[in-house]
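Visitor: Pasting input.cif here (mmCIF, C-alpha atoms):
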```
data_final
loop_
_atom_site.label_atom_id
_atom_site.label_comp_id
_atom_site.auth_asym_id
_atom_site.auth_seq_id
_atom_site.Cartn_x
_atom_site.Cartn_y
_atom_site.Cartn_z
CA MET A 5 -10.89 -19.42 -23.44
CA ASN A 6 -14.45 -20.35 -24.34
CA ALA A 7 -16.54 -17.52 -25.66
CA LEU A 8 -19.26 -18.23 -23.13
CA LEU A 9 -18.54 -19.02 -19.51
CA SER A 10 -20.67 -21.59 -17.79
CA ILE A 11 -22.28 -21.04 -14.42
CA GLY A 12 -20.03 -23.81 -13.13
CA ASP A 13 -16.88 -21.97 -14.28
CA ILE A 14 -17.97 -18.78 -12.54
CA GLY A 15 -18.84 -20.71 -9.40
CA ASP A 16 -15.42 -22.38 -9.43
CA ALA A 17 -13.74 -18.97 -9.77
CA PHE A 18 -15.64 -17.56 -6.80
CA ARG A 19 -14.85 -20.66 -4.75
CA GLU A 20 -11.14 -20.38 -5.57
CA ALA A 21 -11.18 -16.70 -4.60
CA PHE A 22 -12.95 -17.39 -1.31
CA PHE A 23 -10.60 -20.16 -0.22
CA MET A 24 -7.55 -18.06 -1.12
CA PHE A 25 -9.01 -15.43 1.20
CA TRP A 26 -9.75 -18.08 3.86
CA ALA A 27 -6.17 -19.39 3.70
CA THR A 28 -4.78 -15.92 4.44
CA LEU A 29 -7.46 -14.47 6.74
CA TRP A 30 -5.56 -14.93 10.01
CA ALA A 31 -2.41 -13.50 8.43
CA LEU A 32 -4.29 -10.42 7.24
CA ILE A 33 -5.74 -9.76 10.70
CA LEU A 34 -2.34 -10.28 12.33
CA GLY A 35 -0.71 -7.91 9.86
CA PHE A 36 -3.29 -5.18 10.30
CA THR A 37 -3.09 -5.54 14.09
CA LEU A 38 0.70 -5.09 14.09
CA SER A 39 0.47 -2.22 11.59
CA GLY A 40 -2.06 -0.39 13.73
CA ALA A 41 0.12 -0.78 16.80
CA VAL A 42 3.25 0.69 15.23
CA GLN A 43 1.28 3.54 13.65
CA ALA A 44 -0.11 4.47 17.06
CA PHE A 45 3.15 4.15 18.97
CA VAL A 46 5.62 5.82 16.54
CA SER A 47 5.88 9.61 16.37
CA LYS A 48 4.96 11.06 12.96
CA ARG A 49 6.75 14.34 13.63
CA ARG A 50 10.03 12.50 14.06
CA MET A 51 9.54 11.02 10.62
CA GLN A 52 9.17 14.47 9.06
CA LYS A 53 12.32 15.77 10.76
CA SER A 54 14.45 12.81 9.64
CA MET A 55 14.17 12.97 5.85
CA GLY A 56 15.56 16.33 4.82
CA ASP A 57 18.25 14.85 2.54
CA ARG A 58 19.13 11.56 0.82
CA ARG A 59 22.26 10.69 2.73
CA LEU A 60 22.58 7.19 4.15
CA PRO A 61 21.18 8.00 7.64
CA SER A 62 18.10 9.64 6.11
CA VAL A 63 17.59 6.74 3.71
CA ALA A 64 17.86 4.27 6.60
CA ARG A 65 15.38 6.24 8.69
CA ALA A 66 12.95 6.57 5.78
CA SER A 67 13.14 2.82 5.24
CA GLY A 68 12.58 2.07 8.90
CA PHE A 69 9.65 4.44 9.23
CA GLY A 70 8.14 3.02 6.03
CA MET A 71 8.37 -0.52 7.37
CA VAL A 72 6.26 0.40 10.40
CA SER A 73 3.69 2.44 8.49
CA SER A 74 0.44 1.47 6.82
CA SER A 75 0.88 -1.01 3.96
CA CYS A 76 -1.85 0.69 1.92
CA SER A 77 -0.38 2.09 -1.30
CA TYR A 78 -2.75 5.04 -1.26
CA ALA A 79 -1.93 5.90 2.35
CA ALA A 80 1.80 5.57 1.60
CA THR A 81 1.42 7.89 -1.39
CA ALA A 82 -0.43 10.50 0.66
CA MET A 83 2.13 10.30 3.47
CA ALA A 84 5.08 10.61 1.07
CA LYS A 85 3.49 13.67 -0.51
CA SER A 86 2.93 15.20 2.93
CA LEU A 87 6.55 14.52 3.93
CA PHE A 88 7.85 16.09 0.72
CA GLN A 89 5.55 19.09 1.08
CA LYS A 90 6.85 19.66 4.63
CA GLY A 91 10.50 19.65 3.60
CA ALA A 92 11.60 16.04 3.08
CA ASP A 93 13.90 15.27 0.15
CA PHE A 94 11.85 13.95 -2.78
CA THR A 95 13.94 10.81 -3.30
CA THR A 96 13.86 10.05 0.42
CA ALA A 97 10.07 10.46 0.45
CA MET A 98 9.85 7.98 -2.44
CA ILE A 99 12.09 5.57 -0.49
CA PHE A 100 9.65 5.84 2.42
CA MET A 101 6.90 4.89 -0.03
CA PHE A 102 8.90 1.89 -1.29
CA ALA A 103 9.46 0.60 2.25
CA SER A 104 5.87 1.24 3.30
CA THR A 105 4.49 -1.01 0.56
CA ASN A 106 7.25 -3.59 0.06
CA LEU A 107 8.91 -4.17 3.45
CA VAL A 108 5.91 -4.32 5.76
CA LEU A 109 5.39 -7.38 7.92
CA GLU A 110 1.78 -8.05 6.91
CA LEU A 111 2.79 -8.44 3.25
CA GLY A 112 5.49 -10.92 4.22
CA ILE A 113 3.07 -12.94 6.34
CA VAL A 114 0.50 -13.20 3.53
CA LEU A 115 3.22 -14.17 1.04
CA LEU A 116 4.47 -16.85 3.42
CA VAL A 117 1.02 -18.35 3.92
CA LEU A 118 -0.21 -18.19 0.33
CA MET A 119 2.96 -18.69 -1.72
CA GLY A 120 5.78 -20.03 0.47
CA TRP A 121 8.88 -18.89 2.30
CA GLN A 122 10.85 -18.14 -0.87
CA PHE A 123 8.43 -15.39 -1.90
CA ALA A 124 8.33 -13.94 1.62
CA ALA A 125 12.14 -13.91 1.70
CA ALA A 126 12.23 -12.34 -1.77
CA GLU A 127 10.24 -9.38 -0.45
CA PHE A 128 12.82 -8.58 2.22
CA ILE A 129 15.76 -9.14 -0.14
CA GLY A 130 14.40 -7.27 -3.15
CA GLY A 131 13.01 -4.35 -1.15
CA PRO A 132 16.44 -3.14 0.03
CA ILE A 133 17.79 -3.64 -3.50
CA MET A 134 15.14 -1.25 -4.85
CA ILE A 135 15.75 1.23 -2.05
CA ALA A 136 19.52 1.21 -2.62
CA GLY A 137 19.00 1.65 -6.36
CA LEU A 138 16.64 4.57 -5.85
CA ALA A 139 19.05 6.22 -3.40
CA LEU A 140 21.82 5.94 -6.01
CA ILE A 141 19.94 7.17 -9.09
CA GLY A 142 17.19 9.30 -7.53
CA GLY A 143 19.16 12.55 -7.79
CA ALA A 144 19.64 12.04 -11.52
CA ALA A 145 16.22 10.54 -12.29
CA PHE A 146 14.34 13.25 -10.40
CA SER A 147 16.12 16.38 -11.54
CA PRO A 148 16.24 19.39 -9.17
CA LYS A 149 14.27 21.41 -11.72
CA LEU A 150 11.39 18.93 -11.81
CA VAL A 151 11.42 18.50 -8.03
CA ALA A 152 11.37 22.26 -7.48
CA ALA A 153 8.46 22.59 -9.90
CA ALA A 154 6.59 19.84 -8.05
CA ARG A 155 7.15 21.53 -4.68
CA THR A 156 5.91 24.83 -6.13
CA ARG A 157 2.90 23.03 -7.58
CA LEU A 158 1.99 21.56 -4.21
CA GLN A 159 2.39 24.91 -2.50
CA LYS A 160 0.26 26.62 -5.14
CA ASN A 161 -2.45 23.98 -4.76
CA ALA A 162 -2.36 24.44 -0.99
CA ASP A 163 -2.63 28.23 -1.34
CA THR A 164 -5.54 27.82 -3.76
CA ALA A 165 -7.29 25.49 -1.38
CA HIS A 166 -6.88 28.01 1.42
CA GLY A 167 -8.23 30.71 -0.86
CA ASP A 168 -11.29 28.60 -1.69
CA HIS A 169 -11.89 28.12 2.03
CA ALA A 170 -10.94 31.54 3.38
CA HIS A 171 -12.88 31.00 6.57
CA GLU A 172 -10.59 28.14 7.54
CA HIS A 173 -7.33 30.11 7.21
CA ASP A 174 -6.99 30.71 10.92
CA HIS A 175 -7.74 27.07 11.63
CA ALA A 176 -4.93 26.06 9.30
CA HIS A 177 -2.44 28.16 11.26
CA GLU A 178 -3.74 26.67 14.50
CA HIS A 179 -3.29 23.24 12.90
CA ASP A 180 0.35 24.00 11.99
CA HIS A 181 1.16 25.13 15.51
CA ALA A 182 -0.53 22.06 16.93
CA VAL A 183 2.14 19.85 15.38
CA ASP A 184 4.64 20.83 18.05
CA ALA A 185 2.13 20.68 20.87
CA ASP A 186 0.62 17.30 19.98
CA ASP A 187 3.44 15.13 18.76
CA ALA A 188 3.94 12.29 21.23
CA PRO A 189 2.85 8.82 20.13
CA SER A 190 0.06 7.03 21.95
CA SER A 191 0.97 5.36 25.22
CA ILE A 192 1.55 1.62 24.89
CA THR A 193 0.62 1.09 28.54
CA THR A 194 -2.91 2.54 28.41
CA ARG A 195 -6.24 1.32 27.11
CA ALA A 196 -6.62 4.59 25.20
CA GLY A 197 -3.33 3.91 23.42
CA TRP A 198 -4.44 0.45 22.31
CA SER A 199 -7.78 1.91 21.27
CA ASP A 200 -5.84 4.29 19.03
CA ALA A 201 -3.94 1.31 17.62
CA ALA A 202 -7.22 -0.52 17.01
CA ARG A 203 -8.58 2.51 15.18
CA PHE A 204 -5.57 2.51 12.88
CA SER A 205 -6.06 -1.22 12.21
CA ILE A 206 -9.77 -0.89 11.43
CA SER A 207 -9.21 2.18 9.24
CA ASP A 208 -6.53 0.32 7.25
CA ILE A 209 -8.95 -2.53 6.69
CA ARG A 210 -11.58 -0.07 5.48
CA MET A 211 -9.11 1.53 3.08
CA LEU A 212 -7.90 -1.75 1.64
CA ARG A 213 -11.12 -3.74 1.51
CA ARG A 214 -11.80 -2.81 -2.11
CA GLU A 215 -8.28 -3.78 -3.23
CA LEU A 216 -8.45 -7.03 -1.30
CA VAL A 217 -11.83 -8.03 -2.73
CA ILE A 218 -10.75 -7.21 -6.29
CA GLY A 219 -7.41 -8.94 -5.83
CA TYR A 220 -8.91 -12.21 -4.61
CA LEU A 221 -11.70 -12.19 -7.22
CA VAL A 222 -9.34 -11.46 -10.12
CA ALA A 223 -6.95 -14.16 -8.88
CA GLY A 224 -9.77 -16.67 -8.65
CA PHE A 225 -10.97 -15.95 -12.16
CA LEU A 226 -7.45 -15.98 -13.60
CA THR A 227 -6.68 -19.32 -11.96
CA VAL A 228 -9.84 -21.05 -13.11
CA LEU A 229 -10.71 -19.46 -16.44
CA VAL A 230 -7.46 -18.61 -18.22
CA PRO A 231 -6.08 -21.63 -20.13
CA MET A 232 -2.50 -22.69 -19.42
CA GLU A 233 -1.68 -22.31 -23.11
CA TRP A 234 -2.43 -18.59 -22.93
CA TRP A 235 -0.10 -18.15 -19.96
CA ASN A 236 2.63 -20.08 -21.77
CA ASN A 237 2.37 -17.79 -24.79
CA LEU A 238 2.53 -14.70 -22.57
CA PHE A 239 5.46 -15.77 -20.40
CA MET A 240 7.63 -17.43 -23.09
CA PRO A 241 8.87 -20.42 -21.06
CA GLY A 242 11.97 -22.32 -22.09
CA HIS A 243 14.13 -19.49 -23.46
CA GLY A 244 16.57 -19.18 -20.58
CA ILE A 245 17.72 -15.68 -19.73
CA TRP A 246 15.42 -14.16 -22.36
CA THR A 247 12.41 -15.66 -20.58
CA THR A 248 13.64 -14.21 -17.29
CA LEU A 249 14.17 -10.75 -18.81
CA GLU A 250 10.76 -10.77 -20.47
CA ASN A 251 9.06 -11.90 -17.28
CA VAL A 252 10.62 -9.25 -15.01
CA LEU A 253 9.60 -6.57 -17.51
CA ILE A 254 6.07 -7.82 -18.05
CA GLY A 255 5.39 -8.30 -14.32
CA PRO A 256 5.15 -4.55 -13.63
CA PHE A 257 3.10 -4.08 -16.82
CA ILE A 258 0.47 -6.49 -15.51
CA ALA A 259 0.49 -4.56 -12.21
CA VAL A 260 0.01 -1.24 -14.03
CA ILE A 261 -3.12 -2.38 -15.86
CA SER A 262 -4.58 -4.54 -13.07
CA PHE A 263 -5.59 -1.59 -10.82
CA VAL A 264 -4.84 -3.79 -7.76
CA CYS A 265 -2.24 -2.66 -5.26
CA SER A 266 -0.85 -3.35 -1.81
CA ILE A 267 -1.69 -6.73 -0.25
CA GLY A 268 -4.42 -7.20 -2.85
CA ASN A 269 -1.84 -8.09 -5.49
CA VAL A 270 -0.53 -11.12 -3.55
CA PRO A 271 -3.39 -13.43 -4.61
CA MET A 272 -2.91 -12.17 -8.17
CA ALA A 273 0.79 -13.00 -7.88
CA ALA A 274 -0.19 -16.51 -6.81
CA ALA A 275 -2.39 -16.81 -9.89
CA LEU A 276 0.46 -15.62 -12.13
CA TRP A 277 2.84 -18.13 -10.52
CA HIS A 278 0.26 -20.85 -11.11
CA GLY A 279 0.07 -19.66 -14.74
CA GLY A 280 3.79 -20.05 -15.39
CA ILE A 281 5.48 -16.67 -14.90
CA GLY A 282 9.07 -16.93 -13.66
CA PHE A 283 10.13 -16.34 -10.06
CA GLY A 284 11.68 -12.96 -10.87
CA GLY A 285 8.55 -11.94 -12.78
CA VAL A 286 6.38 -12.66 -9.74
CA VAL A 287 8.71 -10.62 -7.54
CA SER A 288 8.72 -7.64 -9.91
CA PHE A 289 4.92 -7.82 -10.12
CA ILE A 290 4.57 -7.76 -6.32
CA PHE A 291 6.91 -4.78 -6.09
CA ALA A 292 5.01 -2.85 -8.78
CA ASP A 293 2.00 -1.97 -6.62
CA LEU A 294 3.09 1.70 -6.67
CA ILE A 295 2.64 2.20 -10.43
CA THR A 296 -0.96 1.12 -10.98
CA ILE A 297 -2.97 3.48 -13.17
CA PRO A 298 -4.97 5.05 -10.27
CA LEU A 299 -1.74 5.87 -8.43
CA LEU A 300 -0.11 7.29 -11.55
CA LEU A 301 -3.07 9.66 -11.88
CA ILE A 302 -2.56 10.70 -8.26
CA TYR A 303 1.16 11.36 -8.90
CA ARG A 304 0.23 13.46 -11.91
CA LYS A 305 -2.09 15.57 -9.77
CA PHE A 306 0.47 15.95 -6.99
CA TYR A 307 3.70 16.44 -8.94
CA GLY A 308 2.77 17.15 -12.56
CA ALA A 309 3.06 15.03 -15.72
CA PRO A 310 6.84 15.36 -16.34
CA LEU A 311 7.84 14.14 -12.88
CA THR A 312 5.17 11.43 -12.98
CA ALA A 313 6.68 10.10 -16.21
CA ARG A 314 10.08 9.95 -14.49
CA ILE A 315 8.50 8.15 -11.53
CA LEU A 316 6.93 5.54 -13.82
CA VAL A 317 10.10 4.84 -15.78
CA THR A 318 12.37 4.85 -12.71
CA PHE A 319 10.10 2.67 -10.59
CA TRP A 320 9.51 0.21 -13.43
CA ALA A 321 13.24 -0.14 -14.05
CA LEU A 322 14.03 -0.63 -10.35
CA MET A 323 11.21 -3.13 -9.84
CA SER A 324 12.31 -5.17 -12.85
CA PHE A 325 15.96 -5.01 -11.75
CA ALA A 326 15.02 -6.14 -8.24
CA GLY A 327 13.08 -9.09 -9.64
CA LEU A 328 16.05 -10.03 -11.84
CA ALA A 329 18.53 -9.67 -8.97
CA VAL A 330 16.40 -11.71 -6.58
CA GLU A 331 16.05 -14.52 -9.11
CA GLY A 332 19.81 -14.48 -9.63
CA ILE A 333 20.51 -14.63 -5.89
CA PHE A 334 18.09 -17.48 -5.34
CA ALA A 335 19.51 -19.33 -8.37
CA LEU A 336 23.00 -19.19 -6.82
CA PHE A 337 21.71 -21.07 -3.78
CA GLY A 338 19.36 -23.38 -5.70
CA ALA A 339 16.42 -21.88 -3.81
CA ILE A 340 14.09 -20.93 -6.69
CA PRO A 341 10.78 -22.70 -6.03
CA THR A 342 9.67 -25.18 -8.67
CA ASP A 343 6.35 -26.38 -7.26
CA ARG A 344 3.36 -25.00 -9.16
CA PRO A 345 0.41 -26.86 -7.64
CA GLU A 346 -2.73 -27.39 -9.68
CA ALA A 347 -4.76 -25.98 -6.78
CA MET A 348 -3.12 -23.15 -4.86
CA VAL A 349 -5.30 -23.70 -1.80
CA SER A 350 -7.64 -26.35 -0.47
CA GLU A 351 -11.09 -25.80 -1.94
CA HIS A 352 -13.07 -27.09 1.03
CA PHE A 353 -13.15 -26.47 4.77
CA GLN A 354 -10.89 -28.59 6.93
CA TRP A 355 -10.29 -28.75 10.68
CA ASN A 356 -6.63 -27.84 10.37
CA TYR A 357 -4.33 -25.13 11.73
CA THR A 358 -5.69 -22.57 9.23
CA THR A 359 -9.25 -22.98 10.47
CA PHE A 360 -8.26 -22.78 14.15
CA LEU A 361 -6.07 -19.71 13.51
CA ASN A 362 -8.85 -18.02 11.55
CA ILE A 363 -11.33 -18.59 14.38
CA ALA A 364 -8.87 -17.23 16.93
CA PHE A 365 -8.04 -14.15 14.89
CA LEU A 366 -11.69 -13.43 14.15
CA PHE A 367 -11.98 -12.97 17.92
CA VAL A 368 -8.94 -10.66 17.72
CA LEU A 369 -10.69 -8.68 14.97
CA ALA A 370 -13.82 -8.43 17.12
CA GLY A 371 -11.66 -7.14 19.97
CA LEU A 372 -10.06 -4.54 17.69
CA TYR A 373 -13.47 -3.37 16.55
CA TYR A 374 -14.68 -3.14 20.15
CA LEU A 375 -11.61 -1.13 21.21
CA ALA A 376 -11.95 1.19 18.22
CA ARG A 377 -15.64 1.82 18.91
CA THR A 378 -15.49 2.22 22.67
CA ARG A 379 -12.58 4.62 23.12
CA PRO A 380 -13.65 7.56 25.31
CA ASP A 381 -14.72 10.49 23.16
CA ASP A 382 -11.81 12.88 22.59
CA GLY A 383 -14.07 15.85 22.21
CA ALA A 384 -13.42 18.78 19.89
CA ASP A 385 -9.76 18.97 20.85
CA GLY A 386 -9.11 15.23 20.48
CA ARG A 387 -5.98 13.98 18.82
CA TYR A 388 -7.50 11.87 16.06
CA ALA A 389 -10.26 12.24 13.50
CA THR A 390 -11.72 9.92 10.87
CA ASP A 391 -11.43 10.86 7.20
CA PRO A 392 -15.13 10.95 6.15
CA THR A 393 -14.27 9.91 2.59
CA CYS A 394 -12.09 6.80 2.95
CA GLY A 395 -12.46 6.01 6.66
CA MET A 396 -8.75 6.35 7.52
CA GLN A 397 -7.81 7.48 11.02
CA VAL A 398 -5.96 10.79 10.81
CA GLU A 399 -3.82 12.45 13.43
CA LYS A 400 -5.13 16.01 13.39
CA ALA A 401 -1.76 17.62 14.01
CA ASN A 402 -0.27 15.93 10.95
CA ALA A 403 -3.31 15.72 8.66
CA PRO A 404 -2.40 16.55 5.02
CA ALA A 405 -5.74 18.36 4.51
CA HIS A 406 -8.20 20.16 6.74
CA ALA A 407 -11.40 22.10 6.09
CA VAL A 408 -14.41 23.57 7.85
CA TYR A 409 -17.93 22.74 6.67
CA ASP A 410 -20.89 24.55 8.23
CA GLY A 411 -18.74 25.40 11.23
CA VAL A 412 -17.53 21.81 11.71
CA ASP A 413 -13.83 20.91 11.40
CA VAL A 414 -13.04 17.97 9.13
CA TRP A 415 -9.62 16.33 8.69
CA PHE A 416 -8.52 14.26 5.68
CA CYS A 417 -5.70 11.83 4.88
CA SER A 418 -5.01 13.53 1.52
CA ASP A 419 -6.03 16.46 -0.68
CA GLY A 420 -7.68 13.91 -2.98
CA CYS A 421 -10.06 12.82 -0.24
CA ARG A 422 -10.85 16.45 0.56
CA GLN A 423 -11.63 17.13 -3.10
CA ARG A 424 -13.95 14.13 -3.25
CA TYR A 425 -15.63 15.31 -0.06
CA ASP A 426 -15.98 18.82 -1.51
CA GLU A 427 -17.69 17.46 -4.59
CA SER A 428 -20.10 15.32 -2.56
CA HIS A 429 -20.73 18.17 -0.10
CA GLU A 430 -21.56 20.61 -2.90
CA MET A 431 -23.98 18.11 -4.46
CA GLY A 432 -25.65 17.57 -1.10
CA ALA A 433 -24.79 13.86 -1.11
CA PRO A 434 -22.91 12.05 1.64
CA PRO A 435 -19.38 10.97 0.61
CA ALA A 436 -18.67 7.34 -0.10
CA ARG A 437 -17.07 5.54 2.81
#
```
Can you present the structure in this file as structure tokens?
Guide:
Amino acid sequence: MNALLSIGDIGDAFREAFFMFWATLWALILGFTLSGAVQAFVSKRRMQKSMGDRRLPSVARASGFGMVSSSCSYAATAMAKSLFQKGADFTTAMIFMFASTNLVLELGIVLLVLMGWQFAAAEFIGGPIMIAGLALIGGAAFSPKLVAAARTRLQKNADTAHGDHAHEHDHAHEHDHAVDADDAPSSITTRAGWSDAARFSISDIRMLRRELVIGYLVAGFLTVLVPMEWWNNLFMPGHGIWTTLENVLIGPFIAVISFVCSIGNVPMAAALWHGGIGFGGVVSFIFADLITIPLLLIYRKFYGAPLTARILVTFWALMSFAGLAVEGIFALFGAIPTDRPEAMVSEHFQWNYTTFLNIAFLFVLAGLYYLARTRPDDGADGRYATDPTCGMQVEKANAPAHAVYDGVDVWFCSDGCRQRYDESHEMGAPPAR
């Protein structure tokens, strides 16, 4: 790579990033719309009651609930922590997290549009392989001693938080009792129900906008600026099974250091495929959105360093194994893609199906925004609140964190968001949204 980048190179990278985004815009809006709908119309309390062990029925339910949850890795992490804290088996909670980030429809749609049907199919073949592997080895990988220590740690942190906010203790008890009283999902036949769904969609977009922007920009720069020779040295092409093994191991490593998770890593996967990584390596990279450095730091805060180390090693091994298994399955049927186009997407506007779909779904997005903004005010006893830190819609009865500031109740999607809000509140500055 040249020591100095020209203005033209940087412009080409931004153009590549934009047209990758343009090629997948309608798919993103469709995915977020469907995700918001299932989040609004599926009972969260039922999820909590269905994951108390890691037997097959619980694993199946955790996988199903994960598939219809938010695809955001951070939201999945917060939800898994909440499920575990409320009595779910730790391995089953991790399976929920796997399904929430690797079996969701919006991810499959974006993979189909940007990379082809083989990669979309690989998601839904490799995801169950990882889930089955985790169900089999989770009891040994996450020892009862470490899990018990993590549960104690969460309880201690919750007790400390209540101690720091003594005036909200009674509200917390009211919040716990509200779970039983306010558990039904939104009604699919009412405008208010679809407004709730729209709020979930818009809040997911707000949560993921940073990851999406970074993902597309990094992919654009990797595609344009990194020489093919560098990729060839990294991915060791032409060594048969040894190349495959190296690729499925290095895929998660790239995910760990890239800081990009959830749908944001799909454009990066496209750039890696363009650069020469093997099919299994791409698959393992896509699956590894749960072990980026920011998420590992969150695990360490939630569960402690020893269990976090087990999570990293176990997840990495399962993600690499899934990539290897998927490549083997596709090789048996001669279905491994071989086309590595010079340009992953068209780099100019065309009046084709993509443009017409994008225009149509921009109207859908406008409708979602209108529904989210015009829902009748719930009042103080309303069912939902907006996390003031990240913008996520939170069901009050199931919110992982709750506090009272200057007599005003505030609900959060995670303890991490509450801590960030606390710090901003104490400094007198508004929290970042």
Visitor: Evaluated on this file, the PyMOL selection byres ((chain A and resi 82-94) around 8) picks out some residues - which ones are they, written as a PyMOL selection string?
Guide: chain A and resi 52-58+78-81+95-98+100-101+151+155+158-159+306+404+417-418
Visitor: My list of candidates is A:Trp198, A:Asn269, A:Gly137, A:Gly112. Which is closest to Gly219 of chain A when distances are computed with only C-alpha atoms?
Guide: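 Of the candidates, the smallest distance to Gly219 of chain A is held by A:Asn269.
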Visitor: Point out the residue among A:Ile11, A:Trp26, A:Gly224, A:Leu372 with the least atom-to-atom distance to Gly40 of chain A, counting all atoms listed in the file.
Guide: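 Of all the options, A:Leu372 lies closest to Gly40 of chain A.
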Visitor: For Val114 of chain A, which of A:Glu331, A:Asp391, A:Glu250, A:Glu127 is the closest residue, counting all atoms listed in the file?
Guide: A:Glu127
Visitor: For atom CA of Phe69 of chain A and atom CA of Arg304 of chain A, quote the distance in Å rounded to one decimal.
Guide: 24.8 Å
Visitor: Contacts of Ile206 of chain A at 9 Å or less, counting all atoms listed in the file, minus same-chain residues fewer than 5 places along, as a list in words?
Guide: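 Within the cut-off, the hits are Phe36, Thr37, Gly40, Ala201, Met211, Leu369, Leu372, Tyr373, Ala376, Gly395, Met396 and Gln397 of chain A.
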